[in-house]
file query13.txt (compact mmCIF, C-alpha atoms and all ligand atoms)
# COMPACT_ATOMS: atom_id res chain seq x y z
CA MET V 34 7.67 89.50 -81.17
CA GLU V 35 4.45 89.07 -83.05
CA THR V 36 2.54 92.33 -82.83
CA ARG V 37 -0.21 91.96 -85.38
CA PRO V 38 -3.72 91.81 -84.01
CA SER V 39 -4.67 88.21 -83.65
CA SER V 40 -7.65 86.91 -85.50
CA SER V 41 -9.48 84.23 -83.62
CA SER V 42 -8.44 80.74 -84.52
CA SER V 43 -11.91 79.59 -83.59
CA SER V 44 -13.80 77.69 -86.26
CA LEU V 45 -16.90 79.78 -85.58
CA SER V 46 -18.30 82.23 -88.12
CA PRO V 47 -20.82 85.11 -87.80
CA ALA V 48 -23.50 82.79 -89.13
CA THR V 49 -22.84 80.14 -86.48
CA ASN V 50 -25.87 79.44 -84.36
CA LEU V 51 -24.45 78.98 -80.88
CA ASP V 52 -25.62 75.96 -78.93
CA LEU V 53 -25.50 77.09 -75.29
CA ASP V 54 -25.76 73.48 -74.07
CA ARG V 55 -22.37 72.76 -75.61
CA LEU V 56 -20.61 75.81 -74.22
CA LYS V 57 -18.71 75.57 -70.93
CA ALA V 58 -17.63 78.71 -69.08
CA LEU V 59 -14.06 78.81 -67.81
CA LYS V 60 -14.56 82.07 -65.96
CA LEU V 61 -16.74 85.13 -65.63
CA LEU V 62 -15.07 87.98 -67.52
CA GLY V 63 -17.36 90.80 -66.49
CA LYS V 64 -20.87 92.06 -65.95
CA GLY V 65 -22.20 95.19 -67.57
CA ALA V 66 -25.48 97.03 -67.49
CA THR V 67 -26.83 94.79 -70.24
CA GLY V 68 -25.02 91.52 -70.22
CA THR V 69 -22.81 88.97 -68.54
CA VAL V 70 -19.61 87.99 -70.32
CA PHE V 71 -17.90 84.60 -69.89
CA LEU V 72 -14.76 83.03 -71.25
CA VAL V 73 -16.12 79.84 -72.81
CA HIS V 74 -15.12 76.86 -74.86
CA ASP V 75 -17.15 74.46 -76.89
CA SER V 76 -17.14 71.17 -75.01
CA VAL V 77 -17.88 69.22 -78.19
CA SER V 78 -15.57 70.78 -80.74
CA ASP V 79 -11.90 70.12 -79.97
CA SER V 80 -10.62 73.19 -81.79
CA SER V 81 -12.16 75.69 -79.38
CA VAL V 82 -10.60 74.02 -76.34
CA SER V 83 -7.31 75.56 -77.38
CA SER V 84 -8.94 78.83 -78.45
CA PRO V 85 -11.73 79.79 -76.10
CA PHE V 86 -13.79 82.88 -76.84
CA ALA V 87 -15.89 85.49 -75.06
CA LEU V 88 -19.63 84.85 -74.78
CA LYS V 89 -21.98 87.70 -73.94
CA LEU V 90 -25.35 86.69 -72.59
CA VAL V 91 -28.40 88.79 -71.97
CA ASP V 92 -31.09 87.21 -69.84
CA LYS V 93 -34.46 87.63 -71.53
CA SER V 94 -36.04 88.60 -68.22
CA SER V 95 -34.09 91.88 -68.61
CA SER V 96 -35.93 95.06 -69.57
CA SER V 97 -37.25 95.36 -73.10
CA SER V 98 -34.75 98.15 -73.80
CA SER V 99 -31.86 95.83 -72.80
CA LEU V 100 -33.14 93.21 -75.22
CA ARG V 101 -33.54 95.78 -77.97
CA ARG V 102 -30.00 97.00 -77.36
CA ALA V 103 -28.63 93.45 -77.37
CA ARG V 104 -30.24 92.69 -80.74
CA TRP V 105 -28.93 96.00 -82.07
CA GLU V 106 -25.39 95.17 -80.89
CA ILE V 107 -25.53 91.84 -82.73
CA GLN V 108 -26.68 93.63 -85.88
CA ILE V 109 -23.74 96.03 -85.69
CA LEU V 110 -21.28 93.20 -84.99
CA ARG V 111 -22.65 91.29 -87.96
CA ARG V 112 -21.98 94.29 -90.17
CA LEU V 113 -18.46 94.59 -88.75
CA SER V 114 -17.83 90.95 -89.55
CA ASP V 115 -18.72 91.24 -93.20
CA ASP V 116 -15.53 90.63 -95.21
CA THR V 117 -15.72 94.09 -96.74
CA ASN V 118 -16.06 95.78 -93.33
CA THR V 119 -13.54 94.14 -91.01
CA ASN V 120 -11.07 96.30 -89.13
CA PRO V 121 -8.18 95.10 -86.94
CA PHE V 122 -9.35 97.26 -84.02
CA LEU V 123 -13.00 96.26 -84.10
CA PRO V 124 -14.42 92.89 -83.04
CA LYS V 125 -15.74 90.19 -85.31
CA LEU V 126 -18.88 88.31 -84.42
CA LEU V 127 -18.13 84.60 -84.02
CA GLY V 128 -21.73 83.47 -83.71
CA SER V 129 -25.01 84.24 -81.98
CA SER V 130 -28.24 82.65 -80.82
CA GLU V 131 -31.58 83.53 -79.34
CA SER V 132 -33.53 81.11 -77.17
CA PRO V 133 -36.66 81.68 -75.06
CA ASP V 134 -34.34 82.54 -72.14
CA PHE V 135 -31.26 84.21 -73.61
CA ILE V 136 -29.77 86.35 -76.32
CA ALA V 137 -26.15 85.29 -76.72
CA TRP V 138 -23.25 86.16 -78.96
CA ALA V 139 -19.61 85.19 -79.22
CA LEU V 140 -16.59 87.43 -79.75
CA PRO V 141 -12.83 86.92 -79.82
CA TYR V 142 -11.41 86.88 -76.31
CA CYS V 143 -9.33 89.93 -75.33
CA SER V 144 -6.93 88.66 -72.68
CA GLY V 145 -5.37 92.03 -71.86
CA GLY V 146 -8.30 93.53 -69.92
CA ASP V 147 -9.33 97.12 -70.51
CA LEU V 148 -7.51 100.43 -70.83
CA ASN V 149 -8.90 101.74 -67.55
CA VAL V 150 -7.37 98.91 -65.54
CA LEU V 151 -4.08 99.24 -67.46
CA ARG V 152 -3.89 102.98 -66.76
CA GLN V 153 -4.54 102.48 -63.07
CA ARG V 154 -1.63 100.05 -62.95
CA GLN V 155 0.80 102.71 -64.22
CA ASN V 156 2.93 104.94 -62.01
CA ASP V 157 0.75 107.91 -61.05
CA GLY V 158 -2.09 106.36 -63.05
CA VAL V 159 -1.07 108.04 -66.31
CA PHE V 160 0.40 106.98 -69.65
CA SER V 161 3.41 108.55 -71.32
CA SER V 162 2.91 110.62 -74.45
CA SER V 163 4.23 107.83 -76.71
CA VAL V 164 1.89 105.26 -75.16
CA ILE V 165 -1.04 107.67 -75.56
CA LYS V 166 -0.08 108.12 -79.21
CA PHE V 167 -0.07 104.36 -79.77
CA TYR V 168 -3.55 103.83 -78.34
CA LEU V 169 -5.01 106.96 -79.93
CA THR V 170 -3.90 105.99 -83.43
CA GLU V 171 -5.68 102.65 -83.16
CA ILE V 172 -8.80 104.17 -81.58
CA VAL V 173 -8.95 106.91 -84.26
CA CYS V 174 -8.71 104.19 -86.93
CA ALA V 175 -11.54 102.23 -85.33
CA LEU V 176 -13.77 105.33 -85.02
CA ASP V 177 -12.92 106.36 -88.58
CA HIS V 178 -14.00 102.93 -89.77
CA LEU V 179 -17.29 103.08 -87.84
CA HIS V 180 -18.06 106.61 -89.08
CA THR V 181 -17.33 105.57 -92.64
CA MET V 182 -19.95 102.85 -92.15
CA GLY V 183 -22.36 105.52 -90.88
CA ILE V 184 -22.13 104.36 -87.25
CA ALA V 185 -21.64 106.80 -84.37
CA TYR V 186 -20.12 104.81 -81.48
CA ARG V 187 -21.33 107.06 -78.62
CA ASP V 188 -19.77 105.12 -75.75
CA LEU V 189 -16.03 105.74 -75.99
CA LYS V 190 -14.41 105.34 -72.57
CA PRO V 191 -11.40 103.37 -71.33
CA GLU V 192 -13.58 100.56 -69.98
CA ASN V 193 -14.76 99.85 -73.53
CA ILE V 194 -11.27 99.64 -74.99
CA LEU V 195 -10.05 96.08 -74.60
CA LEU V 196 -6.57 94.76 -75.25
CA GLN V 197 -6.10 91.78 -77.51
CA GLU V 198 -3.51 89.13 -76.73
CA SER V 199 -1.23 90.93 -79.21
CA GLY V 200 -1.48 94.20 -77.23
CA HIS V 201 -3.52 95.96 -79.94
CA VAL V 202 -6.88 97.46 -79.03
CA THR V 203 -10.43 96.31 -79.73
CA LEU V 204 -13.43 98.54 -79.15
CA THR V 205 -16.27 96.74 -77.44
CA ASP V 206 -19.90 97.40 -76.48
CA PHE V 207 -21.91 98.71 -79.41
CA ASP V 208 -25.30 98.80 -77.78
CA LEU V 209 -25.38 102.60 -77.58
CA SER V 210 -24.16 103.14 -81.13
CA CYS V 211 -26.50 104.48 -83.77
CA SER V 212 -26.71 104.66 -87.52
CA LEU V 213 -26.51 108.13 -88.98
CA ALA V 214 -26.66 109.11 -92.60
CA LYS V 215 -23.29 110.37 -93.80
CA PRO V 216 -23.73 114.03 -94.71
CA THR V 217 -22.95 114.91 -98.27
CA ARG V 218 -22.17 118.50 -97.31
CA PRO V 219 -20.71 119.62 -93.98
CA GLU V 220 -23.11 122.57 -94.00
CA PHE V 221 -25.84 120.06 -93.28
CA TYR V 222 -24.71 120.08 -89.68
CA LEU V 223 -25.18 123.80 -89.31
CA SER V 224 -28.94 123.70 -89.32
CA ASP V 225 -30.40 121.95 -86.31
CA PRO V 226 -33.45 119.81 -86.76
CA GLU V 227 -36.57 120.86 -84.93
CA PRO V 228 -35.66 119.98 -81.33
CA ASP V 229 -37.74 117.22 -79.87
CA PRO V 230 -39.71 118.53 -76.88
CA ILE V 231 -38.31 115.67 -74.80
CA HIS V 232 -34.84 117.07 -75.37
CA LYS V 233 -35.79 120.55 -74.42
CA ARG V 234 -36.48 118.95 -71.09
CA SER V 235 -33.28 116.90 -70.93
CA LEU V 236 -31.50 119.35 -68.65
CA SER V 237 -34.41 119.73 -66.29
CA LEU V 238 -34.74 115.95 -66.27
CA PHE V 239 -31.31 115.43 -64.81
CA ARG V 240 -32.01 118.14 -62.25
CA GLN V 241 -34.90 116.14 -60.92
CA LYS V 242 -34.08 113.81 -58.07
CA LYS V 243 -33.78 110.35 -59.54
CA LYS V 244 -35.91 107.79 -57.81
CA LYS V 245 -33.77 104.87 -58.92
CA LYS V 246 -30.18 104.65 -57.80
CA THR V 247 -27.81 103.89 -60.67
CA LYS V 248 -24.56 101.99 -60.38
CA SER V 249 -21.24 103.65 -61.18
CA ALA V 250 -21.79 106.14 -63.95
CA ARG V 251 -18.51 104.99 -65.42
CA VAL V 252 -20.05 101.67 -66.29
CA ASN V 253 -23.69 102.58 -66.62
CA PRO V 254 -24.60 104.40 -69.77
CA ILE V 255 -27.40 106.89 -69.59
CA THR V 256 -30.36 106.29 -71.82
CA ARG V 257 -33.09 108.74 -71.09
CA ARG V 258 -35.39 107.92 -73.89
CA ARG V 259 -36.25 105.11 -76.16
CA LEU V 260 -33.19 104.52 -78.26
CA SER V 261 -33.45 105.39 -81.90
CA PHE V 262 -30.94 103.20 -83.63
CA SER V 263 -31.12 104.59 -87.07
CA GLY V 264 -32.17 107.78 -88.61
CA GLY V 265 -30.92 110.85 -90.35
CA GLU V 266 -27.72 112.78 -89.96
CA ARG V 267 -28.30 113.62 -86.34
CA SER V 268 -29.64 111.75 -83.36
CA ASN V 269 -31.49 113.18 -80.40
CA SER V 270 -31.03 110.29 -77.99
CA PHE V 271 -29.67 111.14 -74.59
CA VAL V 272 -26.99 108.46 -74.33
CA GLY V 273 -23.47 108.14 -73.03
CA THR V 274 -21.55 107.97 -69.78
CA ASP V 275 -21.65 111.06 -67.52
CA GLU V 276 -18.01 112.14 -67.64
CA TYR V 277 -17.74 111.41 -71.37
CA ILE V 278 -20.99 112.92 -72.49
CA SER V 279 -20.73 115.85 -74.91
CA PRO V 280 -22.27 119.32 -74.44
CA GLU V 281 -24.59 118.88 -77.42
CA VAL V 282 -26.05 115.67 -75.94
CA ILE V 283 -26.66 117.41 -72.59
CA ARG V 284 -28.23 120.37 -74.34
CA GLY V 285 -30.39 118.02 -76.40
CA ASP V 286 -29.41 119.89 -79.55
CA GLY V 287 -29.15 116.77 -81.66
CA HIS V 288 -25.78 115.19 -82.25
CA ASP V 289 -23.68 113.45 -84.87
CA PHE V 290 -20.29 111.78 -85.28
CA ALA V 291 -18.59 114.70 -83.49
CA VAL V 292 -19.71 113.22 -80.11
CA ASP V 293 -17.06 110.55 -80.62
CA TRP V 294 -14.36 113.19 -81.16
CA TRP V 295 -15.45 114.91 -77.94
CA ALA V 296 -15.19 111.59 -76.08
CA LEU V 297 -11.76 111.06 -77.65
CA GLY V 298 -10.72 114.38 -76.07
CA VAL V 299 -11.97 113.26 -72.65
CA LEU V 300 -10.22 109.91 -73.06
CA THR V 301 -6.93 111.55 -74.08
CA TYR V 302 -7.16 113.90 -71.11
CA GLU V 303 -7.76 110.99 -68.74
CA MET V 304 -4.81 109.05 -70.17
CA MET V 305 -2.58 112.11 -69.72
CA TYR V 306 -3.73 113.44 -66.34
CA GLY V 307 -5.22 110.35 -64.68
CA GLU V 308 -8.67 111.91 -64.28
CA THR V 309 -11.43 113.15 -66.53
CA PRO V 310 -11.65 116.92 -67.15
CA PHE V 311 -15.21 117.70 -66.09
CA LYS V 312 -15.93 115.35 -63.19
CA GLY V 313 -18.03 117.04 -60.51
CA ARG V 314 -19.23 115.91 -57.09
CA CYS V 315 -22.51 114.83 -58.62
CA LYS V 316 -24.07 114.30 -62.04
CA LYS V 317 -25.49 117.83 -62.04
CA GLU V 318 -22.10 119.41 -61.39
CA THR V 319 -20.41 117.17 -63.99
CA PHE V 320 -22.93 118.27 -66.62
CA ARG V 321 -22.56 121.90 -65.64
CA ASN V 322 -18.77 121.55 -66.02
CA VAL V 323 -19.17 119.89 -69.42
CA LEU V 324 -21.29 122.83 -70.56
CA MET V 325 -19.39 125.70 -68.94
CA LYS V 326 -15.88 124.79 -67.78
CA GLU V 327 -12.78 124.85 -69.94
CA PRO V 328 -10.47 121.86 -69.38
CA GLU V 329 -7.44 122.60 -67.19
CA LEU V 330 -4.43 121.63 -69.24
CA ALA V 331 -1.68 121.72 -66.64
CA GLY V 332 1.99 121.64 -67.63
CA LYS V 333 3.89 122.90 -70.62
CA PRO V 334 1.75 123.34 -73.76
CA SER V 335 2.51 120.57 -76.24
CA ASP V 336 1.06 118.97 -79.34
CA LEU V 337 -0.79 116.61 -77.02
CA THR V 338 -2.41 119.39 -74.96
CA ASP V 339 -3.26 121.18 -78.20
CA LEU V 340 -4.99 118.05 -79.51
CA ILE V 341 -7.03 117.75 -76.30
CA ARG V 342 -7.98 121.44 -76.44
CA ARG V 343 -9.19 121.15 -80.04
CA LEU V 344 -11.19 118.02 -79.34
CA LEU V 345 -12.83 119.48 -76.24
CA VAL V 346 -14.40 122.40 -78.06
CA LYS V 347 -17.95 122.80 -76.74
CA ASP V 348 -19.43 123.82 -80.09
CA PRO V 349 -19.42 120.63 -82.19
CA VAL V 350 -19.21 122.64 -85.40
CA LYS V 351 -15.86 124.10 -84.29
CA ARG V 352 -14.52 120.82 -82.92
CA LEU V 353 -11.60 119.04 -84.58
CA GLY V 354 -13.02 116.26 -86.73
CA PHE V 355 -16.38 117.91 -87.38
CA ARG V 356 -15.82 119.01 -90.96
CA ARG V 357 -13.63 116.32 -92.45
CA GLY V 358 -13.89 113.55 -89.86
CA ALA V 359 -10.88 111.45 -88.84
CA ALA V 360 -8.72 112.97 -91.60
CA GLU V 361 -8.54 116.23 -89.63
CA ILE V 362 -7.44 114.41 -86.50
CA LYS V 363 -4.83 112.33 -88.32
CA GLU V 364 -3.32 115.55 -89.68
CA HIS V 365 -2.82 117.04 -86.21
CA ALA V 366 0.83 117.70 -85.22
CA PHE V 367 0.62 115.16 -82.37
CA PHE V 368 0.41 112.37 -84.97
CA LYS V 369 3.23 113.65 -87.15
CA GLY V 370 5.17 110.73 -88.63
CA VAL V 371 2.48 108.10 -87.93
CA ARG V 372 2.16 105.60 -90.80
CA TRP V 373 -1.61 105.24 -90.64
CA ASP V 374 -1.62 102.64 -93.39
CA LEU V 375 0.82 100.38 -91.54
CA LEU V 376 -0.36 100.59 -87.95
CA THR V 377 -0.58 96.89 -87.25
CA GLU V 378 2.78 96.18 -88.83
CA VAL V 379 4.95 99.08 -87.74
CA LEU V 380 3.95 99.99 -84.23
CA ARG V 381 4.91 97.69 -81.42
CA PRO V 382 2.27 97.68 -78.66
CA PRO V 383 3.61 99.16 -75.43
CA PHE V 384 2.04 96.47 -73.24
CA ILE V 385 1.69 92.83 -74.17
CA PRO V 386 -0.67 90.96 -71.82
CA LEU V 387 0.93 88.32 -69.63
CA ARG V 388 -0.09 84.85 -70.62
CA ASP V 389 -1.76 84.01 -67.32
CA ASP V 390 -4.97 83.11 -69.07
CA GLY V 391 -2.89 80.95 -71.39
CA GLU V 392 -2.13 78.83 -68.34
CA LEU V 393 -5.83 78.62 -67.65
CA THR V 394 -6.76 77.68 -71.19
CA GLY V 395 -3.75 75.39 -71.53
CA LYS V 396 -5.25 73.14 -68.88
CA VAL V 397 -8.67 73.09 -70.47
CA THR V 398 -10.16 69.75 -71.36
CA ALA V 399 -13.50 69.09 -73.00
CA GLU V 400 -15.04 68.66 -69.53
CA SER V 401 -13.63 71.85 -68.01
CA GLY V 402 -15.91 74.67 -66.91
CA PHE V 403 -19.51 75.14 -65.88
CA GLY V 404 -22.69 75.46 -67.90
CA VAL V 405 -23.69 79.06 -68.59
CA LYS V 406 -27.38 78.19 -68.35
CA GLU V 407 -26.81 76.63 -64.93
CA TYR V 408 -25.06 79.81 -63.82
CA PHE V 409 -28.23 81.81 -64.45
CA GLU V 410 -30.48 79.11 -63.00
CA LYS V 411 -28.50 79.31 -59.75
CA LEU V 412 -28.87 83.09 -59.73
CA ARG V 413 -32.62 82.72 -60.11
CA THR V 414 -32.94 80.17 -57.30
CA PRO V 415 -33.82 81.98 -54.07
CA PRO V 416 -31.58 81.13 -51.08
CA PRO V 417 -33.17 78.61 -48.69
CA LEU V 418 -35.27 80.10 -45.90
CA PRO V 419 -33.58 80.01 -42.48
CA LEU V 420 -34.80 77.23 -40.21
CA THR V 421 -37.17 78.38 -37.48
CA HIS V 422 -34.84 77.40 -34.65
CA GLU V 423 -32.11 79.65 -36.09
CA CYS V 424 -34.37 82.65 -35.87
CA SER V 425 -33.84 83.40 -32.18
CA GLU V 426 -35.74 86.71 -32.11
CA ASN V 427 -39.15 85.22 -32.87
CA ASN V 428 -38.75 81.72 -31.59
CA PRO V 429 -40.30 81.37 -28.14
CA PHE V 430 -38.66 77.96 -27.67
CA VAL V 431 -35.15 79.06 -28.34
CA ASP V 432 -34.21 79.24 -24.64
CA PHE V 433 -35.51 75.75 -23.83
N1 LIG V 501 -14.23 90.08 -75.88
C1 LIG V 501 -13.96 90.21 -74.57
N2 LIG V 501 -12.86 89.70 -74.03
C2 LIG V 501 -12.59 89.83 -72.70
N3 LIG V 501 -13.41 90.46 -71.83
C3 LIG V 501 -14.54 91.00 -72.32
C4 LIG V 501 -14.88 90.90 -73.70
N4 LIG V 501 -16.06 91.54 -73.90
C5 LIG V 501 -16.43 92.03 -72.70
N5 LIG V 501 -15.54 91.69 -71.74
C6 LIG V 501 -15.59 92.02 -70.30
O1 LIG V 501 -16.95 92.03 -69.86
C7 LIG V 501 -17.30 93.31 -69.31
C8 LIG V 501 -18.75 93.63 -69.68
O2 LIG V 501 -18.86 93.66 -71.09
P1 LIG V 501 -19.65 94.79 -71.85
O3 LIG V 501 -19.10 96.12 -71.46
O4 LIG V 501 -19.64 94.46 -73.29
O5 LIG V 501 -21.09 94.58 -71.23
P2 LIG V 501 -22.29 95.58 -71.17
O6 LIG V 501 -23.40 94.91 -70.42
O7 LIG V 501 -22.65 96.01 -72.55
O8 LIG V 501 -21.67 96.77 -70.36
P3 LIG V 501 -22.11 98.28 -70.24
O9 LIG V 501 -22.55 98.42 -68.82
O10 LIG V 501 -20.84 99.07 -70.50
O11 LIG V 501 -23.19 98.51 -71.24
C9 LIG V 501 -16.30 94.28 -69.90
O12 LIG V 501 -16.04 95.33 -69.05
C10 LIG V 501 -15.06 93.40 -70.05
O13 LIG V 501 -14.34 93.41 -68.83

call {"tool": "encode", "arguments": {"input": "query13.txt", "output": "structure tokens"}}
result
Amino acid sequence: METRPSSSSSSLSPATNLDLDRLKALKLLGKGATGTVFLVHDSVSDSSVSSPFALKLVDKSSSSSSLRRARWEIQILRRLSDDTNTNPFLPKLLGSSESPDFIAWALPYCSGGDLNVLRQRQNDGVFSSSVIKFYLTEIVCALDHLHTMGIAYRDLKPENILLQESGHVTLTDFDLSCSLAKPTRPEFYLSDPEPDPIHKRSLSLFRQKKKKKTKSARVNPITRRRLSFSGGERSNSFVGTDEYISPEVIRGDGHDFAVDWWALGVLTYEMMYGETPFKGRCKKETFRNVLMKEPELAGKPSDLTDLIRRLLVKDPVKRLGFRRGAAEIKEHAFFKGVRWDLLTEVLRPPFIPLRDDGELTGKVTAESGFGVKEYFEKLRTPPPLPLTHECSENNPFVDF
């Protein structure tokens, strides 16, 4: 069986300026905090009928921070699509556009859904050690690649790990990532920059009752201050998803690439035990657990539990991966025997998505689907007002 990650057969390229009027949506793939994602095909070009792609759209009536994040994500994807920067476990930008109403960009379609859904479908909601090893190797490679480019991902969680048609992973959602200068000496990390006063208040901020209700923390990243997308070797932004957020981000100490290794520890724990290690009854308790509680590693100690323990070290300086990056993680006993240079050729993915969407796309004709612009127009149109006679409470004539 073919197990290499599939590259999109679409004729689009990162430089393609998408024409939204030509694109027809076959289905809604998902809605996030920032954007709406559709499976689309180009109704004019024949080639994309057989190879539809994912289109992410951000409505320009969204908040200015959403728009800033969308433009940032496109920038990152553009960098990842440069011939010298591609990686089999990271997406390639297929095209983008900005109109007065929308920011839109196209990505290869991942038909296998996300790792969270896949885990929940397993017996007891957990993966076996060999399945965990498979996914971790690919995720470590993707993070290694991003870090080498000076990008801290900062939003690792199962919902952001998509499965390609081949069963290999693709990391998605780069709007919370940031550029950090690669340190020339590890000692650089030992001296904290002058803490921003806003961050001194980060803990007290989350203690305050929030006026606005947020949606599920699992899907809604926290961004407490204006995002700084590029900077020095550390960032002070308060970003991430509650259960995956690292102690240094909560403390507002400034953070670096090690936040991704912390999140890798949380992810590995969740894949092994079916729940995250620090989840509390509320945000406050979760953050307290992240800062104070040691993860409970039930069962017989193993290389896998040892890996989790070393990744979930509260002090980033002592965390696995801090000093020498991904190399330290690759050397851990859990990965003994892994041929890191041959991942896409040697390892057979444990789950290959069923081709149910193939059926869908197989039936696609140039006319199939609905216009993405129309979708948003319908959302904006208010529902018709009820007729007076239907409103029995206030209608004095209703009994006549
Ligand atoms: N390339 C893709 N192929 C298939 N489905 C996708 C693809 N990209 C995104 N999706 C689906 O769309 C959903 C929303 O996408 P995404 O997470 O990128 O949006 P977002 O607005 O940035 O979300 P978040 O709230 O995490 O910031 C994802 O959970 C996933 O189910």

call {"tool": "atom_distance", "arguments": {"input": "query13.txt", "atom1": "CA of His74 in chain V", "atom2": "atom C2 of ligand LIG 501 (chain V)"}}
result
13.4 Å

call {"tool": "closest_residue", "arguments": {"input": "query13.txt", "among": "V:Leu123, V:Leu412, V:Val405, V:Leu353", "to": "Val70 in chain V", "atoms": "only C-alpha atoms"}}
result
V:Val405

call {"tool": "residues_near_ligand", "arguments": {"input": "query13.txt", "ligand": "ligand LIG 501 (chain V)", "cutoff": "9 Å", "atoms": "only C-alpha atoms and all ligand atoms", "output": "JSON, numbers by chain"}}
result
{"V": [61, 62, 63, 64, 65, 66, 67, 68, 69, 70, 71, 72, 86, 87, 88, 89, 90, 91, 99, 102, 103, 106, 124, 139, 140, 141, 142, 143, 144, 145, 146, 147, 188, 192, 193, 194, 195, 196, 197, 203, 205, 206, 207, 208, 209, 251, 252, 253, 254, 274]}

call {"tool": "closest_residue", "arguments": {"input": "query13.txt", "among": "V:Gly313, V:Gly307, V:Pro133, V:Pro280", "to": "Val159 in chain V", "atoms": "all atoms listed in the file"}}
result
V:Gly307

call {"tool": "axis_aligned_box", "arguments": {"input": "query13.txt", "around": "range 203-218 of chain V", "padding_each_side": "8 Å", "output": "AutoDock Vina command-line options"}}
result
--center_x -18.6 --center_y 107.4 --center_z -87.4 --size_x 32.3 --size_y 38.2 --size_z 37.8

call {"tool": "closest_residue", "arguments": {"input": "query13.txt", "among": "V:Tyr186, V:Lys406, V:Tyr306, V:Lys317", "to": "Ser162 in chain V", "atoms": "only C-alpha atoms"}}
result
V:Tyr306

call {"tool": "atom_distance", "arguments": {"input": "query13.txt", "atom1": "CA of Leu204 in chain V", "atom2": "CA of Phe122 in chain V"}}
result
6.5 Å

call {"tool": "closest_residue", "arguments": {"input": "query13.txt", "among": "V:Ser335, V:Thr119, V:Thr170, V:Ser279", "to": "Asp293 in chain V", "atoms": "all atoms listed in the file"}}
result
V:Ser279

call {"tool": "atom_distance", "arguments": {"input": "query13.txt", "atom1": "CA of Leu376 in chain V", "atom2": "CA of Ser163 in chain V"}}
result
14.1 Å

call {"tool": "closest_residue", "arguments": {"input": "query13.txt", "among": "V:Tyr277, V:Leu300, V:Leu337, V:Lys215", "to": "Lys312 in chain V", "atoms": "all atoms listed in the file"}}
result
V:Tyr277

call {"tool": "residues_around", "arguments": {"input": "query13.txt", "residues": "Asp374 in chain V", "least_positions_apart": "6", "cutoff": "12 Å", "atoms": "only C-alpha atoms", "output": "ChimeraX atom specification"}}
result
/V:121,170-171,174,363,380

call {"tool": "closest_residue", "arguments": {"input": "query13.txt", "among": "V:Leu53, V:Ser96, V:Ser199, V:Trp294", "to": "Ser132 in chain V", "atoms": "only C-alpha atoms"}}
result
V:Leu53

call {"tool": "build_atoms", "arguments": {"input": "query13.txt", "residues": "range 354-366 of chain V", "atoms": "N, CA and C atoms", "output": "PDB file, keeping the file's coordinate frame"}}
result
ATOM      1  N   GLY V 354     -12.382 117.488 -86.262  1.00  0.00           N
ATOM      2  CA  GLY V 354     -13.020 116.260 -86.730  1.00  0.00           C
ATOM      3  C   GLY V 354     -14.423 116.491 -87.254  1.00  0.00           C
ATOM      4  N   PHE V 355     -14.995 117.678 -86.965  1.00  0.00           N
ATOM      5  CA  PHE V 355     -16.380 117.910 -87.380  1.00  0.00           C
ATOM      6  C   PHE V 355     -16.499 117.965 -88.903  1.00  0.00           C
ATOM      7  N   ARG V 356     -15.632 118.761 -89.520  1.00  0.00           N
ATOM      8  CA  ARG V 356     -15.820 119.010 -90.960  1.00  0.00           C
ATOM      9  C   ARG V 356     -15.368 117.838 -91.834  1.00  0.00           C
ATOM     10  N   ARG V 357     -14.159 117.342 -91.544  1.00  0.00           N
ATOM     11  CA  ARG V 357     -13.630 116.320 -92.450  1.00  0.00           C
ATOM     12  C   ARG V 357     -13.392 114.989 -91.740  1.00  0.00           C
ATOM     13  N   GLY V 358     -13.988 114.821 -90.575  1.00  0.00           N
ATOM     14  CA  GLY V 358     -13.890 113.550 -89.860  1.00  0.00           C
ATOM     15  C   GLY V 358     -12.475 113.228 -89.404  1.00  0.00           C
ATOM     16  N   ALA V 359     -12.158 111.925 -89.392  1.00  0.00           N
ATOM     17  CA  ALA V 359     -10.880 111.450 -88.840  1.00  0.00           C
ATOM     18  C   ALA V 359      -9.678 112.065 -89.562  1.00  0.00           C
ATOM     19  N   ALA V 360      -9.856 112.428 -90.836  1.00  0.00           N
ATOM     20  CA  ALA V 360      -8.720 112.970 -91.600  1.00  0.00           C
ATOM     21  C   ALA V 360      -8.138 114.189 -90.889  1.00  0.00           C
ATOM     22  N   GLU V 361      -9.011 115.031 -90.336  1.00  0.00           N
ATOM     23  CA  GLU V 361      -8.540 116.230 -89.630  1.00  0.00           C
ATOM     24  C   GLU V 361      -7.719 115.857 -88.405  1.00  0.00           C
ATOM     25  N   ILE V 362      -8.138 114.818 -87.727  1.00  0.00           N
ATOM     26  CA  ILE V 362      -7.440 114.410 -86.500  1.00  0.00           C
ATOM     27  C   ILE V 362      -6.089 113.789 -86.853  1.00  0.00           C
ATOM     28  N   LYS V 363      -6.081 112.977 -87.896  1.00  0.00           N
ATOM     29  CA  LYS V 363      -4.830 112.330 -88.320  1.00  0.00           C
ATOM     30  C   LYS V 363      -3.780 113.350 -88.742  1.00  0.00           C
ATOM     31  N   GLU V 364      -4.260 114.513 -89.215  1.00  0.00           N
ATOM     32  CA  GLU V 364      -3.320 115.550 -89.680  1.00  0.00           C
ATOM     33  C   GLU V 364      -2.756 116.386 -88.533  1.00  0.00           C
ATOM     34  N   HIS V 365      -3.286 116.208 -87.328  1.00  0.00           N
ATOM     35  CA  HIS V 365      -2.820 117.040 -86.210  1.00  0.00           C
ATOM     36  C   HIS V 365      -1.334 116.753 -85.914  1.00  0.00           C
ATOM     37  N   ALA V 366      -0.627 117.804 -85.453  1.00  0.00           N
ATOM     38  CA  ALA V 366       0.830 117.700 -85.220  1.00  0.00           C
ATOM     39  C   ALA V 366       1.200 116.565 -84.264  1.00  0.00           C
TER      40      ALA V 366
END
